[in-house]
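Have a look at model.txt below; it lists compact mmCIF, C-alpha atoms and all ligand atoms.
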# COMPACT_ATOMS: atom_id res chain seq x y z
CA MET H 3 1.28 0.96 42.92
CA LYS H 4 1.41 -1.72 40.29
CA LEU H 5 1.33 -0.21 36.80
CA GLU H 6 -0.43 -2.22 34.17
CA LYS H 7 0.43 -0.93 30.76
CA ALA H 8 -1.89 -1.24 27.79
CA SER H 9 -1.37 -4.36 25.74
CA ARG H 10 -1.05 -2.29 22.56
CA LEU H 11 2.35 -1.15 23.82
CA ASN H 12 3.49 -4.77 23.74
CA ASN H 13 2.57 -4.91 20.07
CA LEU H 14 4.97 -2.11 19.20
CA PRO H 15 8.21 -3.50 17.79
CA PRO H 16 11.17 -3.69 20.17
CA TYR H 17 13.24 -0.61 19.82
CA LEU H 18 16.34 -2.01 18.17
CA PHE H 19 17.86 1.42 17.82
CA ALA H 20 18.10 1.68 21.61
CA LYS H 21 20.58 -1.20 21.54
CA ILE H 22 22.74 0.55 18.94
CA ASP H 23 22.60 3.74 20.98
CA GLU H 24 23.82 1.80 23.99
CA MET H 25 26.75 0.32 22.01
CA LYS H 26 27.59 3.78 20.67
CA GLN H 27 27.45 5.33 24.15
CA LYS H 28 29.78 2.65 25.49
CA ALA H 29 32.30 3.15 22.70
CA MET H 30 32.26 6.90 23.28
CA GLU H 31 32.94 6.43 26.99
CA GLU H 32 35.93 4.31 25.99
CA GLY H 33 37.22 7.30 24.05
CA VAL H 34 36.47 6.02 20.53
CA ASP H 35 36.12 8.80 17.94
CA ILE H 36 32.70 7.81 16.60
CA ILE H 37 31.63 8.56 13.03
CA ASP H 38 27.84 8.54 13.20
CA LEU H 39 26.26 7.52 9.90
CA GLY H 40 23.18 6.23 11.66
CA ILE H 41 20.90 9.21 11.93
CA GLY H 42 18.66 10.47 9.13
CA ASP H 43 18.89 14.07 10.24
CA PRO H 44 20.56 16.75 8.05
CA ASP H 45 23.75 18.17 9.56
CA LEU H 46 23.47 21.37 7.49
CA PRO H 47 21.78 24.36 9.15
CA THR H 48 18.34 25.76 8.28
CA PRO H 49 18.83 28.51 5.63
CA GLY H 50 19.31 31.99 7.16
CA HIS H 51 16.32 33.66 5.48
CA ILE H 52 13.99 31.11 7.10
CA ILE H 53 15.50 31.71 10.55
CA GLN H 54 15.17 35.46 10.03
CA ARG H 55 11.46 35.06 9.24
CA LEU H 56 10.95 32.99 12.41
CA TYR H 57 12.73 35.65 14.43
CA GLU H 58 10.46 38.43 13.14
CA ALA H 59 7.29 36.38 13.46
CA ALA H 60 8.20 35.27 16.98
CA LYS H 61 8.24 38.92 18.12
CA ASP H 62 4.62 39.50 17.04
CA PRO H 63 2.21 38.81 19.94
CA ALA H 64 -0.48 37.84 17.41
CA ASN H 65 1.56 34.68 16.84
CA HIS H 66 1.77 33.70 20.50
CA ARG H 67 -1.78 32.37 20.71
CA TYR H 68 -3.23 29.02 19.69
CA ALA H 69 -3.01 28.59 15.94
CA SER H 70 -5.97 27.44 13.86
CA TYR H 71 -6.34 23.68 13.42
CA ASN H 72 -5.96 23.73 9.66
CA GLY H 73 -3.13 26.26 9.47
CA LEU H 74 -2.88 29.81 8.13
CA ARG H 75 -4.64 30.37 4.82
CA GLU H 76 -1.38 31.99 3.62
CA LEU H 77 0.55 28.81 4.40
CA ARG H 78 -1.96 26.65 2.52
CA GLU H 79 -1.72 29.04 -0.43
CA ALA H 80 2.08 28.85 -0.34
CA ILE H 81 1.86 25.05 -0.33
CA ALA H 82 -0.55 25.12 -3.31
CA LYS H 83 1.85 27.36 -5.27
CA TRP H 84 4.86 25.20 -4.40
CA TYR H 85 3.01 22.03 -5.38
CA GLU H 86 1.83 23.41 -8.69
CA ARG H 87 5.27 24.78 -9.53
CA ARG H 88 6.93 21.52 -8.60
CA PHE H 89 4.44 18.91 -9.86
CA GLN H 90 1.97 20.79 -12.08
CA VAL H 91 -0.84 19.63 -9.82
CA LYS H 92 -3.49 22.17 -8.76
CA LEU H 93 -4.77 21.97 -5.18
CA ASP H 94 -7.58 23.81 -3.45
CA PRO H 95 -6.00 25.51 -0.40
CA GLU H 96 -9.33 25.30 1.44
CA SER H 97 -9.95 21.56 1.22
CA GLU H 98 -7.02 19.72 -0.38
CA ILE H 99 -4.16 20.88 1.86
CA LEU H 100 -3.63 20.19 5.56
CA PRO H 101 -0.56 21.50 7.44
CA LEU H 102 0.89 19.06 9.99
CA VAL H 103 3.11 19.26 13.08
CA GLY H 104 5.75 17.45 11.03
CA SER H 105 4.70 14.73 8.60
CA LYS H 106 5.37 12.02 11.21
CA GLU H 107 2.44 13.45 13.16
CA GLY H 108 0.04 12.98 10.24
CA ILE H 109 1.43 9.54 9.36
CA GLY H 110 1.04 8.39 12.95
CA HIS H 111 -2.51 9.76 13.25
CA ILE H 112 -4.08 8.79 9.92
CA PRO H 113 -4.90 5.19 10.96
CA LEU H 114 -7.03 6.59 13.82
CA ALA H 115 -9.32 8.10 11.18
CA PHE H 116 -9.84 4.93 9.11
CA ILE H 117 -8.94 1.82 11.07
CA ASN H 118 -11.20 -0.25 13.29
CA GLU H 119 -9.92 -3.03 15.54
CA GLY H 120 -8.48 -5.79 13.34
CA ASP H 121 -8.57 -3.89 10.03
CA ILE H 122 -5.57 -4.43 7.81
CA VAL H 123 -3.06 -1.76 6.86
CA LEU H 124 -0.63 -2.54 4.03
CA VAL H 125 2.82 -1.53 5.21
CA PRO H 126 6.08 -1.64 3.22
CA ASP H 127 8.86 -3.80 4.70
CA PRO H 128 11.52 -2.49 5.13
CA GLY H 129 9.94 0.87 5.92
CA TYR H 130 9.83 3.98 8.05
CA PRO H 131 8.81 2.54 11.46
CA VAL H 132 5.91 4.98 12.01
CA TYR H 133 3.68 3.22 9.42
CA ARG H 134 3.68 0.13 11.56
CA ALA H 135 3.54 1.94 14.90
CA GLY H 136 0.58 4.13 13.86
CA THR H 137 -1.24 1.02 12.65
CA VAL H 138 -0.67 -0.88 15.89
CA LEU H 139 -1.65 2.09 18.08
CA SER H 140 -4.96 2.36 16.21
CA GLY H 141 -5.75 -1.33 16.79
CA GLY H 142 -5.08 -2.28 13.16
CA GLU H 143 -3.10 -5.21 11.83
CA PRO H 144 -0.07 -4.42 9.70
CA TYR H 145 0.26 -6.65 6.62
CA PHE H 146 3.80 -6.35 5.36
CA MET H 147 4.51 -5.88 1.68
CA PRO H 148 8.09 -7.06 1.06
CA LEU H 149 10.28 -4.60 -0.84
CA LEU H 150 12.68 -6.88 -2.69
CA SER H 151 15.72 -5.92 -4.68
CA GLN H 152 14.59 -8.00 -7.68
CA ASN H 153 11.44 -5.82 -7.85
CA GLY H 154 13.39 -2.59 -7.56
CA PHE H 155 12.20 -2.36 -3.94
CA LEU H 156 8.61 -1.76 -5.08
CA PRO H 157 5.84 -3.85 -3.49
CA ASP H 158 4.40 -6.57 -5.74
CA LEU H 159 0.68 -5.73 -5.54
CA SER H 160 -0.23 -8.88 -7.46
CA ALA H 161 1.23 -10.93 -4.60
CA ILE H 162 -1.38 -9.57 -2.17
CA SER H 163 -4.28 -12.05 -1.96
CA GLU H 164 -7.86 -10.91 -2.66
CA GLU H 165 -8.78 -11.80 0.89
CA ILE H 166 -6.12 -9.52 2.38
CA ALA H 167 -6.81 -6.75 -0.14
CA ARG H 168 -10.52 -6.80 0.74
CA LYS H 169 -9.77 -6.45 4.44
CA ALA H 170 -7.24 -3.68 3.88
CA LYS H 171 -8.36 -0.09 4.52
CA LEU H 172 -5.10 1.80 4.14
CA MET H 173 -1.79 1.44 2.32
CA PHE H 174 1.45 3.26 3.09
CA LEU H 175 4.01 3.90 0.36
CA ASN H 176 7.17 5.99 0.35
CA TYR H 177 9.18 7.03 -2.73
CA PRO H 178 11.95 8.10 -2.95
CA ASN H 179 12.23 5.39 -0.33
CA ASN H 180 13.76 5.35 3.12
CA PRO H 181 15.70 3.09 3.72
CA THR H 182 16.22 1.40 0.32
CA THR H 183 16.67 4.70 -1.64
CA ALA H 184 14.51 3.24 -4.45
CA THR H 185 12.37 5.49 -6.65
CA ALA H 186 8.94 4.82 -8.19
CA SER H 187 7.71 5.57 -11.69
CA GLU H 188 4.37 7.09 -12.62
CA GLU H 189 3.48 3.71 -14.13
CA PHE H 190 3.82 2.14 -10.67
CA PHE H 191 1.63 4.89 -9.19
CA ARG H 192 -1.01 4.18 -11.87
CA GLU H 193 -1.02 0.53 -10.82
CA VAL H 194 -1.46 1.65 -7.19
CA VAL H 195 -4.47 3.82 -8.13
CA ARG H 196 -6.13 0.88 -9.96
CA PHE H 197 -5.51 -1.37 -6.95
CA ALA H 198 -6.93 1.25 -4.56
CA GLN H 199 -10.05 1.73 -6.70
CA LYS H 200 -10.64 -2.00 -7.00
CA PHE H 201 -10.36 -2.72 -3.28
CA ASN H 202 -11.40 0.61 -1.74
CA ILE H 203 -8.09 1.32 -0.06
CA VAL H 204 -6.90 4.75 1.07
CA ILE H 205 -3.38 5.38 -0.25
CA CYS H 206 -0.97 7.34 1.95
CA HIS H 207 2.12 8.19 -0.05
CA ASP H 208 5.03 9.63 1.92
CA GLY H 209 7.06 12.04 -0.21
CA ALA H 210 9.52 13.23 2.46
CA TYR H 211 12.49 12.92 0.07
CA SER H 212 10.89 14.27 -3.12
CA GLU H 213 13.42 17.12 -3.32
CA VAL H 214 16.59 15.20 -2.43
CA THR H 215 17.31 13.76 -5.89
CA PHE H 216 20.45 13.45 -8.02
CA ASP H 217 21.78 13.24 -11.56
CA GLY H 218 18.83 15.05 -13.13
CA TYR H 219 16.25 12.68 -11.64
CA ARG H 220 12.97 14.40 -10.63
CA ALA H 221 10.69 12.45 -8.31
CA PRO H 222 7.04 12.43 -9.42
CA SER H 223 4.23 13.16 -6.99
CA PHE H 224 1.63 10.45 -6.43
CA LEU H 225 -1.05 13.03 -7.24
CA GLU H 226 0.30 13.52 -10.78
CA VAL H 227 -1.40 10.28 -11.71
CA GLU H 228 -5.02 10.36 -12.85
CA GLY H 229 -7.47 9.33 -10.15
CA ALA H 230 -4.89 9.59 -7.34
CA LYS H 231 -6.54 12.58 -5.70
CA GLU H 232 -9.71 10.52 -5.24
CA VAL H 233 -7.99 7.55 -3.59
CA GLY H 234 -5.40 9.07 -1.36
CA ILE H 235 -3.11 11.69 0.02
CA GLU H 236 0.57 12.52 -0.08
CA PHE H 237 2.64 13.54 2.91
CA HIS H 238 5.37 16.14 2.58
CA SER H 239 7.84 17.48 5.04
CA LEU H 240 9.88 20.64 5.28
CA SER H 241 12.36 18.70 7.43
CA LYS H 242 14.57 17.13 4.78
CA THR H 243 14.11 19.73 2.03
CA TYR H 244 14.99 22.76 4.16
CA ASN H 245 17.01 21.22 7.01
CA MET H 246 14.13 21.89 9.42
CA THR H 247 13.76 18.58 11.27
CA GLY H 248 13.55 20.22 14.70
CA TRP H 249 10.95 22.79 13.68
CA ARG H 250 8.07 20.33 13.23
CA ILE H 251 6.23 21.38 10.11
CA GLY H 252 4.94 19.31 7.22
CA PHE H 253 1.70 18.86 5.30
CA ALA H 254 -0.65 16.43 3.61
CA VAL H 255 -2.33 17.05 0.26
CA GLY H 256 -4.89 15.19 -1.84
CA SER H 257 -8.35 13.71 -1.24
CA ARG H 258 -10.50 16.27 0.59
CA GLU H 259 -12.49 13.50 2.25
CA VAL H 260 -9.39 11.77 3.61
CA LEU H 261 -7.95 15.08 4.83
CA ALA H 262 -11.23 16.10 6.51
CA ASN H 263 -11.17 12.87 8.54
CA LEU H 264 -7.52 13.32 9.48
CA LEU H 265 -8.36 16.88 10.57
CA ARG H 266 -11.14 15.54 12.81
CA VAL H 267 -8.59 13.39 14.63
CA LYS H 268 -6.11 16.25 14.85
CA THR H 269 -8.58 18.81 16.24
CA ASN H 270 -9.01 16.45 19.16
CA LEU H 271 -5.30 15.87 19.77
CA ASP H 272 -3.22 18.90 18.80
CA SER H 273 -3.77 22.63 18.52
CA GLY H 274 -1.94 23.50 15.35
CA ILE H 275 1.59 24.61 14.48
CA PHE H 276 3.15 27.62 16.26
CA GLN H 277 2.27 30.47 13.88
CA ALA H 278 5.77 31.90 13.77
CA ILE H 279 6.90 28.54 12.41
CA GLN H 280 4.10 28.64 9.86
CA TYR H 281 5.43 32.01 8.62
CA ALA H 282 8.93 30.54 8.46
CA GLY H 283 7.43 27.64 6.48
CA ILE H 284 5.89 30.11 4.01
CA GLU H 285 9.32 31.69 3.63
CA ALA H 286 10.87 28.27 2.99
CA LEU H 287 8.30 27.35 0.32
CA THR H 288 8.22 30.71 -1.46
CA GLY H 289 11.77 32.02 -0.94
CA SER H 290 15.02 31.22 -2.72
CA GLU H 291 15.70 27.55 -3.42
CA ASP H 292 19.47 28.12 -3.60
CA GLU H 293 20.20 26.55 -0.22
CA THR H 294 18.18 23.43 -1.04
CA LEU H 295 20.03 23.00 -4.32
CA LYS H 296 23.32 23.52 -2.50
CA ALA H 297 22.44 20.90 0.13
CA VAL H 298 21.52 18.39 -2.59
CA ARG H 299 24.91 19.04 -4.23
CA VAL H 300 26.63 18.39 -0.92
CA TYR H 301 24.77 15.06 -0.50
CA ARG H 302 25.67 14.10 -4.05
CA GLU H 303 29.37 14.74 -3.44
CA ARG H 304 29.23 12.71 -0.24
CA ARG H 305 27.36 9.92 -2.05
CA ASP H 306 29.99 9.80 -4.81
CA THR H 307 32.83 9.74 -2.29
CA LEU H 308 31.29 6.92 -0.28
CA VAL H 309 29.98 4.76 -3.11
CA GLU H 310 33.08 5.01 -5.28
CA SER H 311 35.55 4.27 -2.51
CA LEU H 312 33.49 1.39 -1.09
CA LYS H 313 33.31 -0.15 -4.56
CA GLU H 314 37.11 0.06 -4.77
CA LEU H 315 37.20 -2.01 -1.59
CA GLY H 316 34.98 -4.63 -3.22
CA TRP H 317 31.77 -3.63 -1.42
CA GLN H 318 28.50 -3.52 -3.36
CA PRO H 319 26.66 -0.33 -2.33
CA ILE H 320 23.58 0.63 -4.37
CA THR H 321 24.09 4.07 -5.92
CA PRO H 322 21.05 6.12 -4.84
CA LYS H 323 19.18 8.38 -7.27
CA ALA H 324 17.52 10.06 -4.29
CA THR H 325 17.51 10.47 -0.47
CA PHE H 326 20.59 11.04 1.69
CA TYR H 327 21.12 7.34 2.42
CA VAL H 328 23.11 4.54 0.88
CA TRP H 329 21.65 1.02 1.11
CA ILE H 330 24.43 -1.52 1.28
CA PRO H 331 24.20 -5.33 1.16
CA VAL H 332 26.09 -6.96 4.02
CA PRO H 333 28.91 -9.37 3.23
CA ASN H 334 28.12 -13.04 2.95
CA GLY H 335 27.27 -15.03 6.03
CA CYS H 336 26.61 -12.09 8.30
CA THR H 337 23.38 -10.58 9.68
CA SER H 338 22.79 -6.84 9.44
CA MET H 339 23.01 -6.49 13.22
CA GLU H 340 26.32 -8.40 13.33
CA PHE H 341 27.73 -6.26 10.56
CA VAL H 342 26.63 -3.03 12.25
CA SER H 343 28.24 -4.13 15.47
CA THR H 344 31.48 -5.13 13.69
CA LEU H 345 31.65 -1.72 11.99
CA LEU H 346 31.25 -0.04 15.35
CA ARG H 347 33.71 -2.25 17.21
CA LYS H 348 36.47 -2.29 14.61
CA ALA H 349 36.11 1.09 12.94
CA GLY H 350 34.04 3.25 15.32
CA ILE H 351 31.38 3.74 12.63
CA VAL H 352 27.67 3.84 13.51
CA THR H 353 25.25 2.57 10.85
CA THR H 354 21.69 1.21 10.93
CA PRO H 355 20.89 -2.49 10.43
CA GLY H 356 18.30 -3.13 7.73
CA VAL H 357 16.40 -5.45 10.06
CA GLY H 358 15.54 -2.39 12.17
CA PHE H 359 13.18 -1.38 9.33
CA GLY H 360 11.52 -4.79 9.08
CA GLU H 361 12.45 -8.41 8.43
CA TYR H 362 12.92 -7.83 4.68
CA GLY H 363 15.54 -5.22 5.51
CA GLU H 364 17.75 -8.09 6.68
CA GLY H 365 20.85 -8.44 4.51
CA PHE H 366 21.42 -4.69 4.24
CA ILE H 367 22.64 -1.76 6.29
CA ARG H 368 21.66 1.89 5.86
CA VAL H 369 24.32 4.57 5.88
CA ALA H 370 23.27 8.23 6.24
CA LEU H 371 25.20 10.90 4.31
CA THR H 372 24.72 13.43 7.09
CA VAL H 373 28.36 14.06 8.04
CA PRO H 374 30.99 16.14 6.20
CA ARG H 375 32.83 14.55 3.27
CA GLU H 376 36.08 14.48 5.26
CA ARG H 377 34.44 12.24 7.85
CA ILE H 378 33.13 9.94 5.13
CA LYS H 379 36.68 9.67 3.75
CA GLU H 380 37.93 8.93 7.24
CA ALA H 381 35.26 6.24 7.65
CA VAL H 382 36.30 4.53 4.41
CA GLU H 383 39.97 4.75 5.39
CA ARG H 384 39.22 3.04 8.70
CA ILE H 385 37.27 0.32 6.87
CA ARG H 386 40.20 -0.16 4.48
CA THR H 387 42.80 -0.51 7.23
CA LYS H 388 40.80 -2.13 10.05
CA MET H 389 38.42 -4.41 8.16
CA PRO H 390 40.47 -5.79 5.26
CA ASP H 391 38.85 -9.21 5.50
CA ILE H 392 35.32 -8.24 4.37
CA LYS H 393 34.38 -10.58 1.54
CA TYR H 394 31.51 -10.39 -0.91
CA GLN H 395 30.62 -13.06 -3.38
CA LYS H 396 29.08 -12.21 -6.71
CA SER H 397 25.66 -10.75 -6.09
CA ASN H 398 22.63 -10.27 -8.26
CA ILE H 399 21.73 -6.96 -6.72
CA LYS H 400 21.40 -4.27 -9.33
CA ASN H 401 23.64 -1.31 -8.61
C1 LIG H 501 12.18 11.89 8.12
C2 LIG H 501 11.01 11.15 7.58
C3 LIG H 501 9.70 11.57 7.86
C4 LIG H 501 9.37 12.55 8.96
O1 LIG H 501 9.51 13.83 8.71
P1 LIG H 501 8.96 14.94 9.69
O2 LIG H 501 8.20 15.85 8.79
O3 LIG H 501 10.16 15.55 10.30
O4 LIG H 501 8.06 14.33 10.71
C5 LIG H 501 8.65 10.93 7.23
N1 LIG H 501 8.87 9.90 6.41
C6 LIG H 501 10.10 9.45 6.15
C7 LIG H 501 10.27 8.29 5.25
C8 LIG H 501 11.21 10.05 6.75
O5 LIG H 501 12.42 9.56 6.51
Whole structure, structure tokens version:
Amino acid sequence: MKLEKASRLNNLPPYLFAKIDEMKQKAMEEGVDIIDLGIGDPDLPTPGHIIQRLYEAAKDPANHRYASYNGLRELREAIAKWYERRFQVKLDPESEILPLVGSKEGIGHIPLAFINEGDIVLVPDPGYPVYRAGTVLSGGEPYFMPLLSQNGFLPDLSAISEEIARKAKLMFLNYPNNPTTATASEEFFREVVRFAQKFNIVICHDGAYSEVTFDGYRAPSFLEVEGAKEVGIEFHSLSKTYNMTGWRIGFAVGSREVLANLLRVKTNLDSGIFQAIQYAGIEALTGSEDETLKAVRVYRERRDTLVESLKELGWQPITPKATFYVWIPVPNGCTSMEFVSTLLRKAGIVTTPGVGFGEYGEGFIRVALTVPRERIKEAVERIRTKMPDIKYQKSNIKN
């Protein structure tokens, strides 16, 4: 049989990360002791009280059946309480909160609710690859908003032409940002709301890293800004905050109309989140925050170790105020992919090339702080001894 795959699959970007995986696999087979700073997945375990709650809930046969499409009322109430405590924004658990099978699920599905063939979706570049993939799978056209260092890695909305803005139906944003680690002010969010109102664009703000912040910085929610709840939604994830990436639970909050349409898509594609995991999610959101604070402290220590010692070597890493990544300009005359492959070949260190997140990610690599501090020290030591010839010229990147 001759398989003819759908042309939309050809429009998905080539999976660059597969190539890095292949290089990593090969090095491992050669016996190289790999330090993997490539993956954005917490190495710390899920807090014990959350696991305990899963264990108890898993034993109850009432939780073994299909869950409701819009999640347990108790979970939505726990989300409302968490959101109000954290951002001083009140949400109606009945209509302004929608639990998701991980936030990636909601991000990937939202274009199906709003995009017709050829409609434009405004997508940050560099950005989390799912914004683009979800757009392409829905038949939409991504229009890339460059995130440039001279603009603090915020999109320049005034650079989007009227023609494009009028054709756009949806905009993705993500602060604190993966991969650039940039943060956004409420003033920027106000500008986004005005833009959305003017051009009738649904805003989808991804707040996956809202709780991973340092040095007293508190990330604002998009919904804190007046008018935001009418123009868009915000995605949140339990993955990064509570070390629960494998559990698959997140949520969207905001415009009831937007959420109702996302729910219509979801009722036709998934059948809710395993209820025992929903109970564990309630425990995460309402229980002690000690473990989250501890994890953030661990990331901060790792950040300081990496950033300070790389600066001593003459590198120019950007010190992040949030997220567990460090965004590092590559040395002069080298592409991000070349630099990633040099780091792997010479020092056995896996990192992610900025170009993997979009063409405007070129010139940077992303390093994840998801290995113990000792390994980070070891990585820097290898760089110092095995790559002494890395040269940077003066740069104008703020750090
Ligand atoms: C990790 C991540 C997500 C996905 O989180 P899940 O809830 O595990 O699906 C979403 N957005 C960004 C920017 C991420 O880095």
* Between H:Ala29, H:Leu11, H:Ile284, H:Leu295, which is the closest to H:Ile81 once you count all atoms listed in the file? -> H:Ile284
If the box runs along x, y and z of the file and leaves 8 Å on each side of stretch 110-113 of chain H, what are its centre and edge lengths in Å, one decimal, as JSON?
{"center_x": -1.9, "center_y": 7.5, "center_z": 11.6, "size_x": 21.9, "size_y": 20.6, "size_z": 19.3}
* Structure fact -> Students should find that atom CA of H:Pro128 and atom CA of H:Pro181 are spaced 7.1 Å
* **Among listed residues H:Val103, H:Val267, H:Ala161, H:Val369, nearest H:Ala381 (using all atoms listed in the file)** =>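 That would be H:Val369, the residue with the smallest distance to H:Ala381.
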Closest pair table for chain H residues within 9 Å of ligand LIG 501 (chain H), all atoms listed in the file, as CSV:
residue,atom,partner,partner_atom,distance
H:Gly42,CA,H:LIG501,C1,6.7
H:Asp43,CA,H:LIG501,C1,7.4
H:Leu102,CA,H:LIG501,O2,8.1
H:Val103,CA,H:LIG501,O4,7.4
H:Gly104,CA,H:LIG501,O2,3.7
H:Ser105,CA,H:LIG501,O2,3.7
H:Lys106,CA,H:LIG501,O4,3.6
H:Glu107,CA,H:LIG501,O4,6.2
H:Gly108,CA,H:LIG501,O4,8.1
H:Ile109,CA,H:LIG501,C5,7.7
H:Gly129,CA,H:LIG501,C7,7.5
H:Tyr130,CA,H:LIG501,C7,5.2
H:Pro131,CA,H:LIG501,C7,8.6
H:Val132,CA,H:LIG501,N1,8.0
H:Tyr133,CA,H:LIG501,N1,9.0
H:Asn176,CA,H:LIG501,C7,6.2
H:Tyr177,CA,H:LIG501,C7,8.2
H:Pro178,CA,H:LIG501,C7,8.4
H:Asn179,CA,H:LIG501,C7,6.6
H:Asn180,CA,H:LIG501,C7,5.0
H:Pro181,CA,H:LIG501,C7,7.7
H:Asp208,CA,H:LIG501,N1,5.9
H:Gly209,CA,H:LIG501,N1,7.2
H:Ala210,CA,H:LIG501,N1,5.2
H:Tyr211,CA,H:LIG501,O5,7.3
H:Phe237,CA,H:LIG501,C5,7.8
H:His238,CA,H:LIG501,O2,6.8
H:Ser239,CA,H:LIG501,O2,4.1
H:Leu240,CA,H:LIG501,O2,6.2
H:Ser241,CA,H:LIG501,O3,4.8
H:Lys242,CA,H:LIG501,C1,6.7
H:Met246,CA,H:LIG501,O3,7.5
H:Thr247,CA,H:LIG501,O3,4.8
H:Gly248,CA,H:LIG501,O3,7.3
H:Trp249,CA,H:LIG501,O3,8.0
H:Arg250,CA,H:LIG501,O3,6.0
H:Ile251,CA,H:LIG501,O2,6.0
H:Gly252,CA,H:LIG501,O2,5.0
H:Phe253,CA,H:LIG501,O2,8.0
H:Thr325,CA,H:LIG501,O5,8.7
If you take all atoms listed in the file and a cut-off of 12 Å, which residues of stretch 266-354 of chain H touch stretch 139-152 of chain H, and what are their nearest atom pairs and distances in Å to one decimal, in chain and number order, as a tab-separated table?
residue	atom	partner	partner_atom	distance
H:Val267	CA	H:Ser140	CA	11.7
H:Ile320	CA	H:Ser151	CA	10.2
H:Trp329	CA	H:Ser151	CA	10.8
H:Ile330	CA	H:Ser151	CA	11.4
H:Pro331	CA	H:Ser151	CA	10.3
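If you look at atom CA of H:Gly136 and atom CA of H:Ser9, they are 14.7 Å away from each other.
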* Restricting the calculation to all atoms listed in the file, which member of H:Ala370, H:Ala170, H:Ala60, H:Leu261 is positioned closest to H:Tyr301? ->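 Distance minimum relative to H:Tyr301 lands on H:Ala370.
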* **Selected residue of minimal separation from H:Ile52 among H:Asn245, H:Ser311, H:Gln318, H:Ser343, counting all atoms listed in the file** =>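 When distances to H:Ile52 are compared using all atoms listed in the file, the smallest one comes from H:Asn245.
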* Asked: Between H:Gly256, H:Pro319, H:Pro374, H:Pro222, which one has atoms that come closest to H:Asp38, using all atoms listed in the file?
  -> H:Pro374
* To one decimal in Å, tell me the separation between atom CA of H:Pro157 and atom CA of H:Thr243. =>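 Answer for the atom CA of H:Pro157 to atom CA of H:Thr243 separation: 25.6 Å.
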* Structure fact -> Counting only C-alpha atoms, closest pick from H:Ala135, H:Leu124, H:Pro63, H:Glu189 relative to H:Ala167 is H:Leu124
* Excluding H:Glu361 and any residue of its chain fewer than 2 positions from it, enumerate the residues within 9 Å of it, using only C-alpha atoms, and give them as a list in words. => Asp127, Pro128, Pro148, Gly356, Val357, Gly358, Phe359, Gly363 and Glu364 of chain H
* Asked: Using only C-alpha atoms, which residues sit within 6 Å of H:Ala254 once same-chain residues fewer than 4 positions away are excluded, as a list in words?
  -> Ile99, Leu100, Glu236 and Phe237 of chain H
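For H:Tyr394, the residues within 10 Å (counting only C-alpha atoms, excluding itself and residues fewer than 2 positions away along the chain) are H:Gly316, H:Trp317, H:Gln318, H:Pro331, H:Val332, H:Pro333, H:Asn334, H:Gly335, H:Asp391, H:Ile392, H:Lys396, H:Ser397.
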* Expected answer as a list in words: all residues with atoms within 12 Å of (2.6, 29.6, -1.3), all atoms listed in the file ->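 Selection result: Leu74, Arg75, Glu76, Leu77, Arg78, Glu79, Ala80, Ile81, Ala82, Lys83, Trp84, Tyr85, Glu86, Arg87, Arg88, Leu93, Asp94, Pro95, Ile99, Gln280, Tyr281, Ala282, Gly283, Ile284, Glu285, Ala286, Leu287, Thr288 and Gly289 of chain H.
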Write the residues you've just listed into a file as a compact mmCIF listing (two decimals), in the coordinates of the input, and include C-alpha atoms for each of them.
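Output (selection_39.txt):
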# COMPACT_ATOMS: atom_id res chain seq x y z
CA LEU H 74 -2.88 29.81 8.13
CA ARG H 75 -4.64 30.37 4.82
CA GLU H 76 -1.38 31.99 3.62
CA LEU H 77 0.55 28.81 4.40
CA ARG H 78 -1.96 26.65 2.52
CA GLU H 79 -1.72 29.04 -0.43
CA ALA H 80 2.08 28.85 -0.34
CA ILE H 81 1.86 25.05 -0.33
CA ALA H 82 -0.55 25.12 -3.31
CA LYS H 83 1.85 27.36 -5.27
CA TRP H 84 4.86 25.20 -4.40
CA TYR H 85 3.01 22.03 -5.38
CA GLU H 86 1.83 23.41 -8.69
CA ARG H 87 5.27 24.78 -9.53
CA ARG H 88 6.93 21.52 -8.60
CA LEU H 93 -4.77 21.97 -5.18
CA ASP H 94 -7.58 23.81 -3.45
CA PRO H 95 -6.00 25.51 -0.40
CA ILE H 99 -4.16 20.88 1.86
CA GLN H 280 4.10 28.64 9.86
CA TYR H 281 5.43 32.01 8.62
CA ALA H 282 8.93 30.54 8.46
CA GLY H 283 7.43 27.64 6.48
CA ILE H 284 5.89 30.11 4.01
CA GLU H 285 9.32 31.69 3.63
CA ALA H 286 10.87 28.27 2.99
CA LEU H 287 8.30 27.35 0.32
CA THR H 288 8.22 30.71 -1.46
CA GLY H 289 11.77 32.02 -0.94
* **Long-range neighbours of stretch 229-233 of chain H as an MDAnalysis selection string, 8 Å cut-off, all atoms listed in the file, 3 positions minimum in chain** => chainID H and resid 195 198:199 202:205 224:226 256:257
